[in-house]
Amino acid sequence: MSVDTAGAARQEAEVSREAGRRRTFAVISHPDAGKSTLTEALALHAAAISSAGAVHGKGDRRGVTSDWMEMEQDRGISITSAALRIDYEDRVLNLVDTPGHADFSEDTYRVLSAVDCAIMLLDSAKGLEPQTLKLFDVCRARRMPVITFVNKWDRPGREPLELLDEIEQRIGLRPTPLNWPVGIAGDFRGLIDRSSGTYTKMTRQPGGATKALEEVLDADEAARIEGAEWVQAQEEIELLEALGADFDHDSFMAGESSPVLFGAALPNFGVGQLLEAVVGLAPAPAAKADAGERARPVEAPFSGQVFKMQANMDKNHRDRMAFVRVSSGRFDRGMVLTHAATGRPFATKYSQAVFGSERSTIDTAFPGDVIALVNAQALSVGDTLFDGPKVEFPPIPSFAPEHFVVARAKDAGKYKQFQRGIAQLDAEGVVQVLTSDVRGEQAPVLAAVGPLQFDVVRHRMEQEFRAPVETSPLDYSVARRTDTESAPALHALSGAEVLRRRNDGELLVLVHNKWRLRVIEREHPGLFMEPLLAGGVVEGD
């Protein structure tokens, strides 16, 4: 074996070993289910931070580390996504944080293309909520394994068996609890591990900013201390066993069943058990199919895909950052990659790991890791970077917008800044930008999943680009993909308008509402109108 061959074999072995250590996942939930709090609690348990933040930073607790934008901190919501790398025992956990507010869900859909597993977070009192259902449908479409965490068990809520039944009946996902709560929601005593039968009693620490005290008891001691609550929990576990609600690895990996854990993120109850489940059950990175449906092994030369763009994360530098999920090979800072869309070289001198507002230089990365490349003006969401033989991954689909406004510069003298700002927000995926010959470039249509996206546009256009905008709403709520043959006829219909999406050139027909859409479909069955990602889900609500 030659020296070069031996070196290549050693690097492939290293990449395979390092990929096996990675677990890359996201948390999906409805707003206010506790996603940001859980993110902090997971990092706390992995010792990435010393104390967990609270969303509103009350008292002596700081704001959550993963929320950095001024609007996020002011409103107590997550708008942007952040990549949190957590070293835990012999594993590397990449938690790709996502916006919690429904209006920014398109960012979440893009994040789901960059992870291998999802934690579905449920509020113990509310169960499956609309935003959770939409996000789960995206997971189902990708056949992504889902771990369920029932949160807020320290507050009044529903019966645990009722929640399990809802999961199975509403989304067809078979729940298989890994642990079981002792005490009803609002009177949380502790958790029984179903595999070992051990009982962990939880005691909240003042403020909840540090790990909860945990005491492991045997069954006899637990029965003596907890009394009737212990008896009830044991009866419910016996029922689960009779129903065959036991964890099955194959059905979990196929997206057919979901391991369920109970806890409360704010006082840090059950978070350690969730962390262990992610480490033990979530899949490691695997071969990814390229645009030609050829599987690219993780040991192949470096390749990665941009799933998120964000500008001006550092106010001192006004930079533009591309978040890249490593799909294969080893990344070394400074290597020159090829941009698949243009064939041009892309230097990676400035590569970083980002933890909320904090940055650190990252020198090496492996499949499953997320790297942030600075000064990425040439990149856009969905772009592929590679080393060696060319590879290009399929584009990341845009989500179906439901809200539309016309944007104009308030100051005609700042038209160039206006155009530059709109183009950058489009490339980042903050909104979709639609244009037509009739409307002209000076008054583009902005399309969004939720109206708060337009607040972000107005804020950033004024603060970053010094080009304040005024927006006026359009009376459309449905978008469909169309083609050049059908576009003229659709544009001529009442209650419809055809525009071109700037970032990919797709023709979209906007329609006033779903009832008008159904009339058009019935009266003009030959016209092409194809649903966008999750468009049917939105309309079914």
# chains A, B, ... in the order shown; residues from 1 in each chain; ligands from 1
$ residues_around --residues "region 505-517 of chain A" --least-positions-apart "2" --cutoff "6 Å" --atoms "only C-alpha atoms" --output "list of chain:residue names"
A:Asp475, A:Tyr476, A:Ser477, A:Val478, A:Ala479, A:Arg480, A:Arg481, A:Thr482, A:Gly495, A:Ala496, A:Glu497, A:Val498, A:Leu499, A:Arg500, A:Arg501, A:Arg502, A:Val519, A:Ile520
$ residues_around --residues "Ala46 (chain A)" --least-positions-apart "2" --cutoff "7 Å" --atoms "only C-alpha atoms" --output "ChimeraX atom specification"
/A:42-44,48,86,88
$ closest_atom_pairs --of "region 348-407 of chain A" --to "region 449-465 of chain A" --cutoff "7 Å" --atoms "only C-alpha atoms" --output "tab-separated table"
residue	atom	partner	partner_atom	distance
A:Ala400	CA	A:Val449	CA	6.9
A:Pro401	CA	A:Val449	CA	4.5
A:Glu402	CA	A:Val449	CA	5.2
A:His403	CA	A:Val449	CA	6.1
$ closest_residue --among "A:Thr39, A:Thr176, A:Ser196, A:Ser257" --to "Arg140 (chain A)" --atoms "only C-alpha atoms"
A:Ser257
$ residues_around --residues "region 6-13 of chain A" --least-positions-apart "6" --cutoff "8 Å" --atoms "only C-alpha atoms" --output "PyMOL selection string"
chain A and resi 299-300+329
$ atom_distance --atom1 "CA of Glu470 (chain A)" --atom2 "CA of Gln419 (chain A)"
13.7 Å
$ select_by_dssp --residues "region 135-178 of chain A" --states "strand (DSSP E or B)" --output "list in words"
Val146, Ile147, Thr148, Phe149, Val150, Asn151, Arg174, Pro175, Thr176 and Pro177 of chain A
$ closest_residue --among "A:Ser36, A:Asn268, A:Ser494, A:Thr198" --to "Leu121 (chain A)" --atoms "only C-alpha atoms"
A:Ser36
$ residues_around --residues "Ala287 (chain A)" --least-positions-apart "2" --cutoff "7 Å" --atoms "only C-alpha atoms" --output "PyMOL selection string"
chain A and resi 289+295-298
$ atom_distance --atom1 "CA of Asp483 (chain A)" --atom2 "CA of Val306 (chain A)"
27.2 Å
$ residues_around --residues "Val92 (chain A)" --least-positions-apart "3" --cutoff "6 Å" --atoms "only C-alpha atoms" --output "ChimeraX atom specification"
/A:21-22,86-87
$ closest_residue --among "A:Leu191, A:Ile171, A:Leu38, A:Ala423" --to "Leu275 (chain A)" --atoms "only C-alpha atoms"
A:Leu38
$ closest_residue --among "A:Arg466, A:Lys414, A:His249, A:Arg194" --to "Ala233 (chain A)" --atoms "only C-alpha atoms"
A:Arg194
$ residues_around --residues "Leu173 (chain A)" --least-positions-apart "2" --cutoff "10 Å" --atoms "only C-alpha atoms" --output "ChimeraX atom specification"
/A:140,146,164-171,175-176,251-252,255-259
$ atom_distance --atom1 "CA of Ala141 (chain A)" --atom2 "CA of Lys308 (chain A)"
20.4 Å
$ select_by_dssp --residues "region 326-492 of chain A" --states "helix (DSSP H, G or I)" --output "PyMOL selection string"
chain A and resi 412-428+452-463+487-491
$ write_last_selection --atoms "C-alpha atoms" --output "short mmCIF file (atom, residue, chain, number, x, y, z; two decimals), in the first residue's frame"
data_model
loop_
_atom_site.label_atom_id
_atom_site.label_comp_id
_atom_site.auth_asym_id
_atom_site.auth_seq_id
_atom_site.Cartn_x
_atom_site.Cartn_y
_atom_site.Cartn_z
CA ALA A 412 -36.59 57.38 -3.15
CA GLY A 413 -33.02 58.61 -2.76
CA LYS A 414 -32.09 55.38 -1.00
CA TYR A 415 -33.27 53.05 -3.75
CA LYS A 416 -29.85 51.35 -4.09
CA GLN A 417 -29.75 50.56 -0.36
CA PHE A 418 -33.35 49.35 -0.63
CA GLN A 419 -32.49 46.96 -3.48
CA ARG A 420 -29.36 45.70 -1.74
CA GLY A 421 -31.22 45.08 1.53
CA ILE A 422 -34.14 43.25 -0.10
CA ALA A 423 -31.73 41.09 -2.09
CA GLN A 424 -29.81 40.15 1.05
CA LEU A 425 -32.93 39.30 3.08
CA ASP A 426 -34.10 37.18 0.14
CA ALA A 427 -30.79 35.29 0.04
CA GLU A 428 -30.98 34.69 3.78
CA LEU A 452 -43.99 38.84 12.06
CA GLN A 453 -41.49 38.13 9.29
CA PHE A 454 -42.43 41.53 7.85
CA ASP A 455 -41.63 43.14 11.22
CA VAL A 456 -38.14 41.65 10.95
CA VAL A 457 -37.81 43.02 7.40
CA ARG A 458 -38.85 46.53 8.45
CA HIS A 459 -36.56 46.47 11.49
CA ARG A 460 -33.51 45.22 9.62
CA MET A 461 -34.03 47.43 6.56
CA GLU A 462 -34.02 50.49 8.80
CA GLN A 463 -31.31 49.44 11.26
CA ALA A 487 -49.36 31.53 -16.29
CA PRO A 488 -51.07 33.90 -18.81
CA ALA A 489 -54.51 32.31 -18.33
CA LEU A 490 -54.18 32.29 -14.54
CA HIS A 491 -53.01 35.91 -14.44
#
$ decode --residues "region 413-430 of chain A" --atoms "N, CA, C and O atoms" --output "PDB file, in the first residue's frame"
ATOM      1  N   GLY A 413     -34.452  58.411  -2.602  1.00  0.00           N
ATOM      2  CA  GLY A 413     -33.023  58.614  -2.756  1.00  0.00           C
ATOM      3  C   GLY A 413     -32.185  57.459  -2.235  1.00  0.00           C
ATOM      4  O   GLY A 413     -30.976  57.430  -2.454  1.00  0.00           O
ATOM      5  N   LYS A 414     -32.816  56.527  -1.529  1.00  0.00           N
ATOM      6  CA  LYS A 414     -32.092  55.380  -0.996  1.00  0.00           C
ATOM      7  C   LYS A 414     -32.499  54.088  -1.702  1.00  0.00           C
ATOM      8  O   LYS A 414     -32.519  53.011  -1.107  1.00  0.00           O
ATOM      9  N   TYR A 415     -32.797  54.212  -2.989  1.00  0.00           N
ATOM     10  CA  TYR A 415     -33.275  53.049  -3.755  1.00  0.00           C
ATOM     11  C   TYR A 415     -32.196  51.965  -3.830  1.00  0.00           C
ATOM     12  O   TYR A 415     -32.496  50.773  -3.755  1.00  0.00           O
ATOM     13  N   LYS A 416     -30.911  52.360  -3.986  1.00  0.00           N
ATOM     14  CA  LYS A 416     -29.851  51.353  -4.088  1.00  0.00           C
ATOM     15  C   LYS A 416     -29.734  50.567  -2.786  1.00  0.00           C
ATOM     16  O   LYS A 416     -29.578  49.349  -2.799  1.00  0.00           O
ATOM     17  N   GLN A 417     -29.792  51.262  -1.647  1.00  0.00           N
ATOM     18  CA  GLN A 417     -29.747  50.558  -0.356  1.00  0.00           C
ATOM     19  C   GLN A 417     -30.962  49.644  -0.199  1.00  0.00           C
ATOM     20  O   GLN A 417     -30.862  48.543   0.332  1.00  0.00           O
ATOM     21  N   PHE A 418     -32.118  50.137  -0.682  1.00  0.00           N
ATOM     22  CA  PHE A 418     -33.352  49.347  -0.632  1.00  0.00           C
ATOM     23  C   PHE A 418     -33.175  48.050  -1.424  1.00  0.00           C
ATOM     24  O   PHE A 418     -33.474  46.952  -0.917  1.00  0.00           O
ATOM     25  N   GLN A 419     -32.663  48.144  -2.635  1.00  0.00           N
ATOM     26  CA  GLN A 419     -32.489  46.960  -3.477  1.00  0.00           C
ATOM     27  C   GLN A 419     -31.479  46.001  -2.861  1.00  0.00           C
ATOM     28  O   GLN A 419     -31.690  44.777  -2.868  1.00  0.00           O
ATOM     29  N   ARG A 420     -30.384  46.554  -2.334  1.00  0.00           N
ATOM     30  CA  ARG A 420     -29.358  45.699  -1.737  1.00  0.00           C
ATOM     31  C   ARG A 420     -29.905  44.987  -0.500  1.00  0.00           C
ATOM     32  O   ARG A 420     -29.660  43.790  -0.292  1.00  0.00           O
ATOM     33  N   GLY A 421     -30.662  45.690   0.334  1.00  0.00           N
ATOM     34  CA  GLY A 421     -31.219  45.078   1.531  1.00  0.00           C
ATOM     35  C   GLY A 421     -32.234  43.993   1.215  1.00  0.00           C
ATOM     36  O   GLY A 421     -32.198  42.901   1.804  1.00  0.00           O
ATOM     37  N   ILE A 422     -33.128  44.259   0.281  1.00  0.00           N
ATOM     38  CA  ILE A 422     -34.137  43.253  -0.096  1.00  0.00           C
ATOM     39  C   ILE A 422     -33.460  42.020  -0.676  1.00  0.00           C
ATOM     40  O   ILE A 422     -33.842  40.878  -0.363  1.00  0.00           O
ATOM     41  N   ALA A 423     -32.431  42.222  -1.498  1.00  0.00           N
ATOM     42  CA  ALA A 423     -31.728  41.085  -2.088  1.00  0.00           C
ATOM     43  C   ALA A 423     -31.059  40.240  -1.008  1.00  0.00           C
ATOM     44  O   ALA A 423     -31.067  39.004  -1.069  1.00  0.00           O
ATOM     45  N   GLN A 424     -30.483  40.900   0.001  1.00  0.00           N
ATOM     46  CA  GLN A 424     -29.812  40.148   1.053  1.00  0.00           C
ATOM     47  C   GLN A 424     -30.808  39.379   1.911  1.00  0.00           C
ATOM     48  O   GLN A 424     -30.589  38.209   2.244  1.00  0.00           O
ATOM     49  N   LEU A 425     -31.922  39.995   2.273  1.00  0.00           N
ATOM     50  CA  LEU A 425     -32.930  39.300   3.077  1.00  0.00           C
ATOM     51  C   LEU A 425     -33.529  38.134   2.306  1.00  0.00           C
ATOM     52  O   LEU A 425     -33.885  37.102   2.885  1.00  0.00           O
ATOM     53  N   ASP A 426     -33.625  38.278   0.987  1.00  0.00           N
ATOM     54  CA  ASP A 426     -34.100  37.184   0.138  1.00  0.00           C
ATOM     55  C   ASP A 426     -33.109  36.029   0.182  1.00  0.00           C
ATOM     56  O   ASP A 426     -33.495  34.863   0.357  1.00  0.00           O
ATOM     57  N   ALA A 427     -31.818  36.333   0.030  1.00  0.00           N
ATOM     58  CA  ALA A 427     -30.792  35.286   0.037  1.00  0.00           C
ATOM     59  C   ALA A 427     -30.735  34.568   1.379  1.00  0.00           C
ATOM     60  O   ALA A 427     -30.467  33.371   1.446  1.00  0.00           O
ATOM     61  N   GLU A 428     -30.988  35.303   2.450  1.00  0.00           N
ATOM     62  CA  GLU A 428     -30.981  34.693   3.780  1.00  0.00           C
ATOM     63  C   GLU A 428     -32.222  33.840   4.032  1.00  0.00           C
ATOM     64  O   GLU A 428     -32.247  33.027   4.955  1.00  0.00           O
ATOM     65  N   GLY A 429     -33.270  34.045   3.241  1.00  0.00           N
ATOM     66  CA  GLY A 429     -34.511  33.316   3.477  1.00  0.00           C
ATOM     67  C   GLY A 429     -35.400  33.958   4.513  1.00  0.00           C
ATOM     68  O   GLY A 429     -36.319  33.314   5.026  1.00  0.00           O
ATOM     69  N   VAL A 430     -35.145  35.246   4.832  1.00  0.00           N
ATOM     70  CA  VAL A 430     -36.007  35.945   5.792  1.00  0.00           C
ATOM     71  C   VAL A 430     -37.423  36.043   5.242  1.00  0.00           C
ATOM     72  O   VAL A 430     -38.411  35.866   5.962  1.00  0.00           O
TER      73      VAL A 430
END
